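entry.txt, holding compact mmCIF, C-alpha atoms and all ligand atoms:
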```txt
# COMPACT_ATOMS: atom_id res chain seq x y z
CA MET A 1 189.77 132.24 74.68
CA LYS A 2 190.28 132.75 78.40
CA VAL A 3 189.52 136.08 80.07
CA ILE A 4 191.53 136.40 83.26
CA SER A 5 191.83 139.25 85.73
CA ASP A 6 193.81 137.44 88.40
CA ILE A 7 197.59 137.71 88.01
CA ALA A 8 198.46 134.35 89.63
CA GLN A 9 195.82 132.58 87.54
CA LEU A 10 197.19 134.01 84.30
CA GLN A 11 200.73 133.06 85.28
CA HIS A 12 199.54 129.55 86.17
CA HIS A 13 198.09 129.11 82.66
CA LEU A 14 201.11 130.58 80.91
CA ALA A 15 203.50 128.38 82.90
CA SER A 16 202.14 125.35 81.04
CA PHE A 17 203.67 126.61 77.77
CA ASP A 18 207.22 125.45 77.48
CA LYS A 19 208.25 125.60 73.83
CA GLU A 20 205.58 128.00 72.57
CA GLN A 21 206.38 131.60 71.67
CA ILE A 22 204.22 133.97 73.69
CA ALA A 23 203.30 137.41 72.33
CA LEU A 24 201.86 140.21 74.42
CA VAL A 25 199.74 143.00 72.93
CA PRO A 26 199.31 145.61 75.69
CA THR A 27 196.25 147.83 75.25
CA MET A 28 193.97 150.13 77.20
CA GLY A 29 190.93 148.57 75.51
CA CYS A 30 188.40 150.37 73.29
CA LEU A 31 189.89 148.29 70.50
CA HIS A 32 189.79 149.55 66.91
CA GLU A 33 191.31 148.37 63.63
CA GLY A 34 194.73 149.58 64.74
CA HIS A 35 194.68 147.22 67.71
CA ILE A 36 193.31 144.43 65.52
CA SER A 37 196.31 144.78 63.23
CA LEU A 38 198.63 144.44 66.28
CA ILE A 39 196.79 141.29 67.32
CA GLN A 40 196.99 139.88 63.78
CA LYS A 41 200.72 140.55 63.70
CA ALA A 42 201.09 138.82 67.07
CA LYS A 43 199.14 135.83 65.74
CA ARG A 44 201.47 135.58 62.74
CA LEU A 45 204.62 135.74 64.88
CA ALA A 46 203.76 133.71 67.98
CA ASP A 47 201.97 130.57 69.14
CA ILE A 48 200.14 132.10 72.07
CA VAL A 49 198.71 135.62 72.05
CA VAL A 50 197.93 137.51 75.25
CA VAL A 51 196.07 140.83 74.96
CA SER A 52 196.07 142.97 78.09
CA ILE A 53 193.33 145.51 78.68
CA TYR A 54 194.22 147.94 81.43
CA VAL A 55 193.56 151.68 81.62
CA ASN A 56 196.73 152.69 83.41
CA PRO A 57 196.16 155.62 85.82
CA LEU A 58 199.92 156.23 86.07
CA GLN A 59 200.17 157.49 82.49
CA PHE A 60 197.36 160.07 82.75
CA GLY A 61 198.03 163.67 83.78
CA ALA A 62 195.86 165.50 86.34
CA ASN A 63 193.48 167.05 83.80
CA GLU A 64 193.40 164.22 81.30
CA ASP A 65 190.60 161.80 80.44
CA LEU A 66 191.24 158.96 82.93
CA ASP A 67 187.73 159.07 84.43
CA ASN A 68 186.04 159.23 81.02
CA TYR A 69 188.27 156.81 79.14
CA PRO A 70 185.88 154.49 77.24
CA LYS A 71 185.68 150.89 78.51
CA PRO A 72 183.54 148.83 76.10
CA LEU A 73 184.75 145.53 77.56
CA GLU A 74 182.17 143.21 76.00
CA GLN A 75 182.86 144.67 72.54
CA ASP A 76 186.63 144.32 73.12
CA LEU A 77 186.25 140.70 74.18
CA SER A 78 184.20 139.88 71.06
CA ALA A 79 186.88 141.48 68.89
CA CYS A 80 189.61 139.43 70.61
CA GLU A 81 187.57 136.25 70.28
CA ALA A 82 187.07 136.90 66.56
CA GLU A 83 190.84 137.25 66.11
CA GLY A 84 191.62 134.00 67.91
CA VAL A 85 193.33 135.58 70.93
CA ASP A 86 194.28 132.96 73.52
CA PHE A 87 194.18 135.05 76.70
CA VAL A 88 192.72 138.44 77.52
CA PHE A 89 194.25 139.78 80.70
CA THR A 90 191.96 142.29 82.43
CA PRO A 91 193.61 143.15 85.76
CA GLU A 92 191.73 145.48 88.06
CA GLN A 93 194.93 146.88 89.47
CA LEU A 94 198.58 146.39 88.64
CA TYR A 95 200.21 148.07 91.60
CA PRO A 96 199.27 148.70 95.22
CA GLU A 97 196.43 151.10 96.00
CA GLY A 98 197.63 154.64 96.59
CA SER A 99 201.04 155.63 95.38
CA ILE A 100 203.43 153.26 93.69
CA GLN A 101 206.73 153.19 95.59
CA VAL A 102 209.07 151.96 92.86
CA GLY A 103 208.70 152.86 89.21
CA LEU A 104 210.76 153.52 86.10
CA HIS A 105 211.86 156.90 84.80
CA VAL A 106 212.61 157.96 81.22
CA ASN A 107 215.33 160.57 80.69
CA ASP A 108 215.90 162.59 77.49
CA LEU A 109 213.68 160.44 75.25
CA SER A 110 210.61 161.79 77.05
CA GLN A 111 211.65 165.45 76.89
CA ASN A 112 210.33 166.23 73.41
CA LEU A 113 207.29 165.59 71.17
CA CYS A 114 204.36 164.27 73.23
CA GLY A 115 206.46 164.30 76.41
CA VAL A 116 206.55 168.11 76.45
CA SER A 117 202.82 168.45 77.12
CA ARG A 118 202.55 165.20 79.13
CA PRO A 119 205.49 165.40 81.58
CA SER A 120 204.94 162.17 83.57
CA HIS A 121 203.20 160.20 80.83
CA PHE A 122 206.13 158.05 79.66
CA ASP A 123 207.25 157.22 83.22
CA GLY A 124 203.74 155.85 83.75
CA VAL A 125 203.85 153.93 80.47
CA VAL A 126 207.21 152.24 81.06
CA THR A 127 206.39 151.44 84.68
CA VAL A 128 203.19 149.62 83.73
CA VAL A 129 204.61 147.96 80.61
CA ASN A 130 207.46 146.67 82.76
CA ILE A 131 204.92 145.23 85.24
CA LEU A 132 203.01 143.61 82.35
CA PHE A 133 206.24 142.16 80.95
CA ASN A 134 207.14 140.76 84.40
CA ILE A 135 203.72 139.15 84.79
CA VAL A 136 203.36 137.70 81.28
CA ARG A 137 207.06 137.12 80.49
CA PRO A 138 206.43 137.24 76.74
CA HIS A 139 209.00 136.42 74.07
CA LEU A 140 207.75 139.31 71.99
CA ALA A 141 205.48 142.31 72.38
CA ILE A 142 203.74 144.37 69.70
CA PHE A 143 203.18 148.14 69.85
CA GLY A 144 201.78 150.51 67.24
CA GLU A 145 204.08 152.78 65.25
CA LYS A 146 201.31 155.37 65.65
CA ASP A 147 202.75 156.06 69.12
CA PHE A 148 206.27 156.26 67.78
CA GLN A 149 207.78 157.95 70.83
CA GLN A 150 206.26 155.26 73.06
CA LEU A 151 207.57 152.49 70.79
CA THR A 152 211.07 153.99 70.79
CA ILE A 153 211.11 154.39 74.58
CA ILE A 154 209.90 150.82 75.16
CA GLN A 155 212.52 149.44 72.75
CA ARG A 156 215.12 151.43 74.67
CA MET A 157 213.80 150.20 78.05
CA VAL A 158 214.10 146.60 76.92
CA SER A 159 217.62 147.13 75.64
CA ASP A 160 218.89 149.28 78.56
CA LEU A 161 217.46 146.86 81.14
CA TYR A 162 218.43 143.65 79.28
CA MET A 163 214.86 142.38 79.37
CA GLY A 164 215.32 139.91 76.53
CA ILE A 165 211.96 140.65 74.91
CA GLU A 166 211.60 141.42 71.22
CA VAL A 167 209.62 144.65 70.84
CA ILE A 168 208.01 144.84 67.41
CA GLY A 169 206.35 147.87 65.83
CA ALA A 170 203.22 147.51 63.71
CA GLU A 171 202.24 149.85 60.92
CA THR A 172 199.68 152.60 61.59
CA VAL A 173 196.14 151.92 60.41
CA ARG A 174 194.39 155.04 59.08
CA GLU A 175 190.89 156.34 58.39
CA THR A 176 190.11 156.92 54.70
CA ASP A 177 191.02 160.62 55.19
CA GLY A 178 194.48 159.66 56.48
CA LEU A 179 193.89 160.24 60.21
CA ALA A 180 195.52 157.52 62.33
CA LYS A 181 192.90 155.32 64.01
CA SER A 182 192.78 156.09 67.72
CA SER A 183 190.42 155.50 70.63
CA ARG A 184 190.56 159.25 71.24
CA ASN A 185 189.46 160.31 67.71
CA ARG A 186 185.94 160.46 69.19
CA TYR A 187 187.04 163.64 71.02
CA LEU A 188 187.72 165.50 67.74
CA ASN A 189 185.07 167.84 66.37
CA ASP A 190 184.60 168.42 62.61
CA ASP A 191 187.02 171.37 62.58
CA GLU A 192 189.75 169.41 64.33
CA ASN A 193 189.22 166.29 62.23
CA ILE A 194 190.61 167.67 58.95
O1 LIG B 201 199.53 152.43 73.95
C1 LIG B 201 198.80 152.15 74.92
O2 LIG B 201 197.60 151.82 74.76
C2 LIG B 201 199.34 152.25 76.33
O3 LIG B 201 200.24 153.29 76.45
C3 LIG B 201 199.97 150.93 76.83
C4 LIG B 201 201.17 150.55 75.99
C5 LIG B 201 198.93 149.83 76.79
C6 LIG B 201 200.44 151.07 78.27
O4 LIG B 201 199.41 151.37 79.14
```
Represent the structure from my file as structure tokens, please.
Amino acid sequence: MKVISDIAQLQHHLASFDKEQIALVPTMGCLHEGHISLIQKAKRLADIVVVSIYVNPLQFGANEDLDNYPKPLEQDLSACEAEGVDFVFTPEQLYPEGSIQVGLHVNDLSQNLCGVSRPSHFDGVVTVVNILFNIVRPHLAIFGEKDFQQLTIIQRMVSDLYMGIEVIGAETVRETDGLAKSSRNRYLNDDENI
């Protein structure tokens, strides 16, 4: 497994694959069984699996948990290694310092559900996923059905913008009590976790 933070270096490695199917599993790290199931699906469907780990500032609102988002990189790398991931892409930054000048915008699909309380969240998600797609140029990409609004918006982005990437949803993995596995479950207290 190669761990690469440099964009040109990753692209150099990926350019050597001609006939192989490349799958991208975009993540923000802090990997749990849900992410592992995405990676396993990617392994079943493609020859080369790239997992990206990038906590994307663009998709966090002003009072959200960007500064405290957990980053257990060594643990994440061990999990990827155990699953036979080929490349872990760990960019430090995916767009120029300061404000990004050109990004993507989601219309009506971001105006309900999670988008109501997180007004710029999905613009940040599609902008960074588009950058990741442009860097990795995968044949397919796997996203969890847990974030169903995100999955729907990304499928729509790929179709509206003719990106030619197959976006595949993977089933939600749950705790024994039924709660969907999530990196943010650690924020729930006993009363909330029912
Ligand atoms: O679902 C996530 O972890 C993030 O929204 C994603 C798709 C990696 C984009 O930053």
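As for atom O4 of ligand LIG 201 (chain B) and CA of Glu175 in chain A, they are spaced 23.0 Å apart.
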Find the nearest atom pair between each residue of chain A and ligand LIG 201 (chain B) for residues within 6 Å, count all atoms listed in the file, give distances in Å to one decimal, sort rows by chain and ascending number, and present the table as a tab-separated table.
```
residue	atom	partner	partner_atom	distance
A:Pro26	CA	B:LIG201	C5	4.4
A:Thr27	CA	B:LIG201	C5	3.7
A:Met28	CA	B:LIG201	O2	4.7
A:Asn56	CA	B:LIG201	O4	5.2
A:Val125	CA	B:LIG201	C6	5.0
A:Val129	CA	B:LIG201	C6	5.7
```
Open item on the list: Which residues are near Gly124 in chain A? Cut-off 6 Å, all atoms listed in the file, ignore same chain within fewer than 3 positions. Put them as a count of residues only.
Closed with: 4
Task: Shell of 9 Å around Gln155 in chain A, only C-alpha atoms, local chain residues under 6 positions omitted, as a PyMOL selection string - done: chain A and resi 166-168
Open item on the list: One decimal, in Å: what's the spacing between CA of Lys41 in chain A and CA of Cys114 in chain A?
Closed with: 25.8 Å
TODO: Give me the residues within 10 Å of Gln75 in chain A as a list in words, counting all atoms listed in the file and dropping any in the same chain fewer than 4 places off.
DONE: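 Contacts, with the query itself left out: Gly29, Cys30, Leu31, Lys71, Ala79, Cys80 and Glu81 of chain A.
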Task: Point-to-point distance from CA of Asn130 in chain A to CA of Leu104 in chain A, Å rounded to tenths - done: 8.3 Å
